[in-house]
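K.L.:
This is model.tsv (TSV, C-alpha atoms and all ligand atoms).
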```
chain	number	residue	atom	x	y	z
A	25	MET	CA	111.14	85.03	76.08
A	26	LYS	CA	113.27	83.41	78.78
A	27	ILE	CA	117.04	83.93	78.60
A	28	LEU	CA	119.58	81.97	80.64
A	29	PHE	CA	122.87	83.81	81.22
A	30	LEU	CA	125.70	81.45	82.19
A	31	ASN	CA	129.08	82.64	83.42
A	32	GLY	CA	132.13	80.43	83.78
A	33	PRO	CA	135.30	80.42	85.88
A	34	ASN	CA	136.79	83.54	87.47
A	35	LEU	CA	133.98	85.80	86.31
A	36	ASN	CA	132.93	86.05	89.98
A	37	LEU	CA	136.13	88.10	90.38
A	38	LEU	CA	135.15	90.80	87.89
A	39	GLY	CA	135.79	94.27	89.27
A	40	GLN	CA	139.08	93.26	90.87
A	41	ARG	CA	140.36	90.79	88.26
A	42	GLU	CA	142.80	92.26	85.66
A	43	PRO	CA	140.88	95.55	85.44
A	44	ALA	CA	142.97	96.71	82.47
A	45	VAL	CA	141.48	93.80	80.49
A	46	TYR	CA	138.03	93.35	82.03
A	47	GLY	CA	137.22	96.77	83.50
A	48	ARG	CA	136.04	97.60	87.03
A	49	THR	CA	132.42	96.55	86.69
A	50	THR	CA	131.44	93.65	88.94
A	51	LEU	CA	129.37	90.69	87.79
A	52	ALA	CA	126.52	91.88	90.05
A	53	GLU	CA	126.60	95.28	88.30
A	54	ILE	CA	126.56	93.56	84.90
A	55	GLU	CA	123.59	91.49	86.02
A	56	ALA	CA	121.77	94.68	87.03
A	57	ARG	CA	122.39	96.19	83.59
A	58	VAL	CA	121.15	93.01	81.91
A	59	ARG	CA	118.01	93.00	84.08
A	60	LYS	CA	117.31	96.64	83.22
A	61	ARG	CA	117.53	95.97	79.45
A	62	ALA	CA	115.53	92.75	79.81
A	63	ALA	CA	112.74	94.61	81.62
A	64	GLU	CA	112.61	97.17	78.78
A	65	VAL	CA	112.06	94.40	76.22
A	66	THR	CA	109.96	92.23	78.58
A	67	ALA	CA	112.35	89.29	78.62
A	68	ALA	CA	112.78	87.08	81.70
A	69	ILE	CA	116.33	86.56	82.88
A	70	GLU	CA	118.13	83.94	84.91
A	71	PHE	CA	121.76	84.85	85.68
A	72	ARG	CA	124.26	82.30	87.05
A	73	GLN	CA	128.00	81.89	87.61
A	74	THR	CA	130.11	78.88	88.48
A	75	ASN	CA	133.77	77.96	88.45
A	76	LEU	CA	132.91	74.31	87.69
A	77	GLU	CA	132.81	72.93	84.16
A	78	GLY	CA	130.37	70.14	85.07
A	79	GLU	CA	127.95	72.59	86.65
A	80	LEU	CA	127.86	74.61	83.42
A	81	ILE	CA	127.11	71.39	81.54
A	82	ASN	CA	124.28	70.49	83.95
A	83	TRP	CA	122.81	73.98	83.55
A	84	ILE	CA	122.99	73.78	79.74
A	85	GLN	CA	121.26	70.38	79.80
A	86	GLY	CA	118.61	71.75	82.17
A	87	ALA	CA	117.85	74.64	79.81
A	88	LYS	CA	116.02	72.42	77.32
A	89	GLY	CA	112.31	73.20	77.54
A	90	ALA	CA	112.92	75.79	80.28
A	91	PHE	CA	114.66	78.62	78.37
A	92	ASP	CA	114.40	80.00	74.84
A	93	VAL	CA	118.01	81.16	74.56
A	94	ILE	CA	121.28	80.60	76.42
A	95	VAL	CA	123.84	83.42	76.61
A	96	LEU	CA	127.15	81.82	77.49
A	97	ASN	CA	130.39	83.39	78.69
A	98	ALA	CA	132.28	80.15	79.23
A	99	ALA	CA	135.43	82.16	80.12
A	100	ALA	CA	138.57	79.99	79.82
A	101	TYR	CA	136.49	76.86	79.08
A	102	THR	CA	135.67	78.52	75.74
A	103	HIS	CA	139.13	77.57	74.57
A	104	THR	CA	139.42	74.10	76.13
A	105	SER	CA	136.11	72.35	76.67
A	106	VAL	CA	134.89	69.78	74.16
A	107	ALA	CA	132.38	68.71	76.84
A	108	LEU	CA	130.78	72.16	76.93
A	109	ARG	CA	130.62	72.33	73.15
A	110	ASP	CA	128.99	68.89	73.05
A	111	ALA	CA	126.42	69.97	75.66
A	112	VAL	CA	125.43	73.03	73.60
A	113	ALA	CA	125.18	70.89	70.46
A	114	ALA	CA	123.23	68.12	72.22
A	115	VAL	CA	120.64	70.33	73.89
A	116	GLY	CA	119.82	72.39	70.82
A	117	VAL	CA	118.76	75.53	72.73
A	118	PRO	CA	119.92	78.51	70.62
A	119	THR	CA	123.11	79.78	72.25
A	120	ILE	CA	124.95	83.09	71.97
A	121	GLU	CA	128.63	83.15	72.95
A	122	ILE	CA	129.79	86.33	74.66
A	123	HIS	CA	133.04	87.77	76.02
A	124	LEU	CA	133.92	91.01	77.74
A	125	SER	CA	137.28	91.22	75.98
A	126	ASN	CA	138.04	90.93	72.28
A	127	THR	CA	139.55	87.44	72.51
A	128	HIS	CA	140.83	87.71	68.92
A	129	ALA	CA	143.04	90.67	69.86
A	130	ARG	CA	144.64	88.80	72.77
A	131	GLU	CA	146.95	85.78	73.18
A	132	GLU	CA	146.78	83.25	70.37
A	133	PHE	CA	145.33	80.54	72.62
A	134	ARG	CA	142.24	82.73	73.06
A	135	HIS	CA	141.64	83.05	69.31
A	136	LYS	CA	140.15	79.57	69.10
A	137	SER	CA	136.68	78.98	70.52
A	138	LEU	CA	135.49	75.37	70.68
A	139	ILE	CA	132.00	76.69	71.46
A	140	ALA	CA	131.56	79.16	68.56
A	141	PRO	CA	130.77	76.57	65.83
A	142	VAL	CA	127.71	75.36	67.76
A	143	CYS	CA	126.49	78.86	68.67
A	144	ARG	CA	124.20	81.15	66.70
A	145	GLY	CA	126.68	83.98	67.00
A	146	GLN	CA	129.35	85.64	69.09
A	147	ILE	CA	129.61	89.04	70.81
A	148	ALA	CA	133.06	89.97	72.10
A	149	GLY	CA	135.04	93.02	73.03
A	150	PHE	CA	132.44	95.43	74.38
A	151	GLY	CA	133.01	94.91	78.10
A	152	ALA	CA	129.80	94.84	80.15
A	153	MET	CA	127.97	96.05	77.04
A	154	SER	CA	128.56	92.60	75.45
A	155	TYR	CA	126.01	91.28	77.96
A	156	VAL	CA	123.45	94.01	77.26
A	157	LEU	CA	123.85	93.54	73.50
A	158	ALA	CA	123.23	89.81	74.03
A	159	VAL	CA	119.73	90.56	75.38
A	160	ASP	CA	118.88	92.30	72.11
A	161	ALA	CA	120.54	89.55	70.07
A	162	ALA	CA	118.52	86.93	71.97
A	163	ILE	CA	115.14	88.58	71.42
A	164	ASN	CA	115.91	88.97	67.72
A	165	LEU	CA	116.91	85.35	67.09
A	166	GLY	CA	114.75	83.85	64.37
B	201	LIG	C1	136.60	85.96	78.71
B	201	LIG	C2	137.77	85.70	77.76
B	201	LIG	C3	138.46	84.38	78.09
B	201	LIG	O1	139.57	84.17	77.22
B	201	LIG	C4	138.98	84.39	79.51
B	201	LIG	O2	139.53	83.14	79.85
B	201	LIG	C5	137.97	84.81	80.51
B	201	LIG	C6	137.04	85.90	80.16
B	201	LIG	C7	135.96	87.34	78.47
B	201	LIG	O3	134.81	87.52	78.86
B	201	LIG	O4	136.61	88.24	77.91
B	201	LIG	O5	137.95	84.34	81.64
B	201	LIG	O6	135.60	84.98	78.47
```
Can you present the structure in this file as structure tokens?

P.N.:
Amino acid sequence: MKILFLNGPNLNLLGQREPAVYGRTTLAEIEARVRKRAAEVTAAIEFRQTNLEGELINWIQGAKGAFDVIVLNAAAYTHTSVALRDAVAAVGVPTIEIHLSNTHAREEFRHKSLIAPVCRGQIAGFGAMSYVLAVDAAINLG
């Protein structure tokens, strides 16, 4: 089982970015927690972050045939990007949408995800644990 974790804009700033919303855990620390869980369930992990929408799209396209599951925290692009949604739909690699925060409990513009309808499911609101839970969700996808 090969799982591709993709992180969108501003997630490189985790740890210092709005800690009241996102906590104090850095993206590197989250990656370490994901790798620990993945090792326990013998899954292989690739973990990437970019601030660029087009780079996320290239990575999603490149996942076909190379990864079994994509775990996607598209950050703000979740709420704006038809292009990202179309990439997920086009490639057909099962995709799990994740968020640190509970986007449904925040500003109204975060309630809508353009990505969710083309994903297998969504995990949101558990902080860094959303990422760890996504490993288990990925290995249990039918
Ligand atoms: C986020 C939620 C998004 O609304 C926001 O734009 C982010 C982070 C999260 O993980 O909680 O950048 O995806």

K.L.:
Please identify all protein, DNA and RNA residues within 8 Å of ligand LIG 201 (chain B), counting only C-alpha atoms and all ligand atoms, and report them as a PyMOL selection string.

P.N.:
chain A and resi 32-35+45-46+97-103+122-127+134+148-149+151

K.L.:
Between CA of Ser137 (chain A) and CA of Ala113 (chain A), what distance in Å does the model show, to one decimal?

P.N.:
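Between CA of Ser137 (chain A) and CA of Ala113 (chain A) the gap works out to 14.1 Å.
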
K.L.:
What does the distance between CA of Cys143 (chain A) and CA of Thr119 (chain A) come to in Å, to one decimal place?

P.N.:
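Computed distance, CA of Cys143 (chain A) to CA of Thr119 (chain A), equals 5.0 Å.
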
K.L.:
Need the shell around Asp160 (chain A): protein/DNA/RNA residues with any atom at most 9 Å away, counting only C-alpha atoms. Skip same-chain ones fewer than 3 positions apart. Format as a list in words?

P.N.:
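Counting only C-alpha atoms, the residues come to Arg61, Ala62, Val65, Val156, Leu157, Ile163, Asn164 and Leu165 of chain A.
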
K.L.:
One decimal, in Å: what's the spacing between CA of Ile69 (chain A) and CA of Ala162 (chain A)?

P.N.:
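For CA of Ile69 (chain A) relative to CA of Ala162 (chain A), the distance reads 11.1 Å.
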
K.L.:
I need the residue nearest Phe133 (chain A) from this list: A:Thr50, A:Gln85, A:Thr104, A:Ser154. Use all atoms listed in the file for the distance.

P.N.:
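Among A:Thr50, A:Gln85, A:Thr104, A:Ser154, it is A:Thr104 that comes nearest to Phe133 (chain A).
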
K.L.:
With only C-alpha atoms as the atoms that count, which of A:Asn82, A:Lys26, A:Glu53, A:Phe71 lies nearest to Leu38 (chain A)?

P.N.:
A:Glu53

K.L.:
Using 8 Å of padding on each side, determine the axis-aligned box around all atoms of region 74-90 of chain A present in the file and give its centre and edge lengths in Å to one decimal, as JSON.

P.N.:
```
{"center_x": 123.0, "center_y": 74.5, "center_z": 82.9, "size_x": 37.5, "size_y": 24.7, "size_z": 27.2}
```

K.L.:
Which residues are near Gly86 (chain A)? Cut-off 9 Å, only C-alpha atoms, ignore same chain within fewer than 5 positions. Put them as a VMD selection string.

P.N.:
chain A and resid 81 91 115

K.L.:
What would the list of residues within 8 Å of (124.3, 80.6, 87.1) (file frame) look like as a PyMOL selection string, if all atoms listed in the file are what count?

P.N.:
chain A and resi 29-31+70-74+80+83

K.L.:
Nearest residue to Ala161 (chain A) out of A:Ala44, A:Leu138, A:Ala67, A:Ala111, using all atoms listed in the file?

P.N.:
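Result for the nearest residue to Ala161 (chain A): A:Ala67.
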
K.L.:
Which residues come within 8 Å of Gly145 (chain A), counting only C-alpha atoms, excluding same-chain residues fewer than 5 positions away, as a list in words?

P.N.:
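Neighbouring residues, sequence-local ones excluded: Thr119, Ile120, Glu121 and Ala140 of chain A.
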
K.L.:
Ranking A:Ala68, A:Ala152, A:Val142, A:Val112 by minimum distance to Ala87 (chain A) and counting only C-alpha atoms, which one comes first?

P.N.:
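The closest residue to Ala87 (chain A) is A:Val112.
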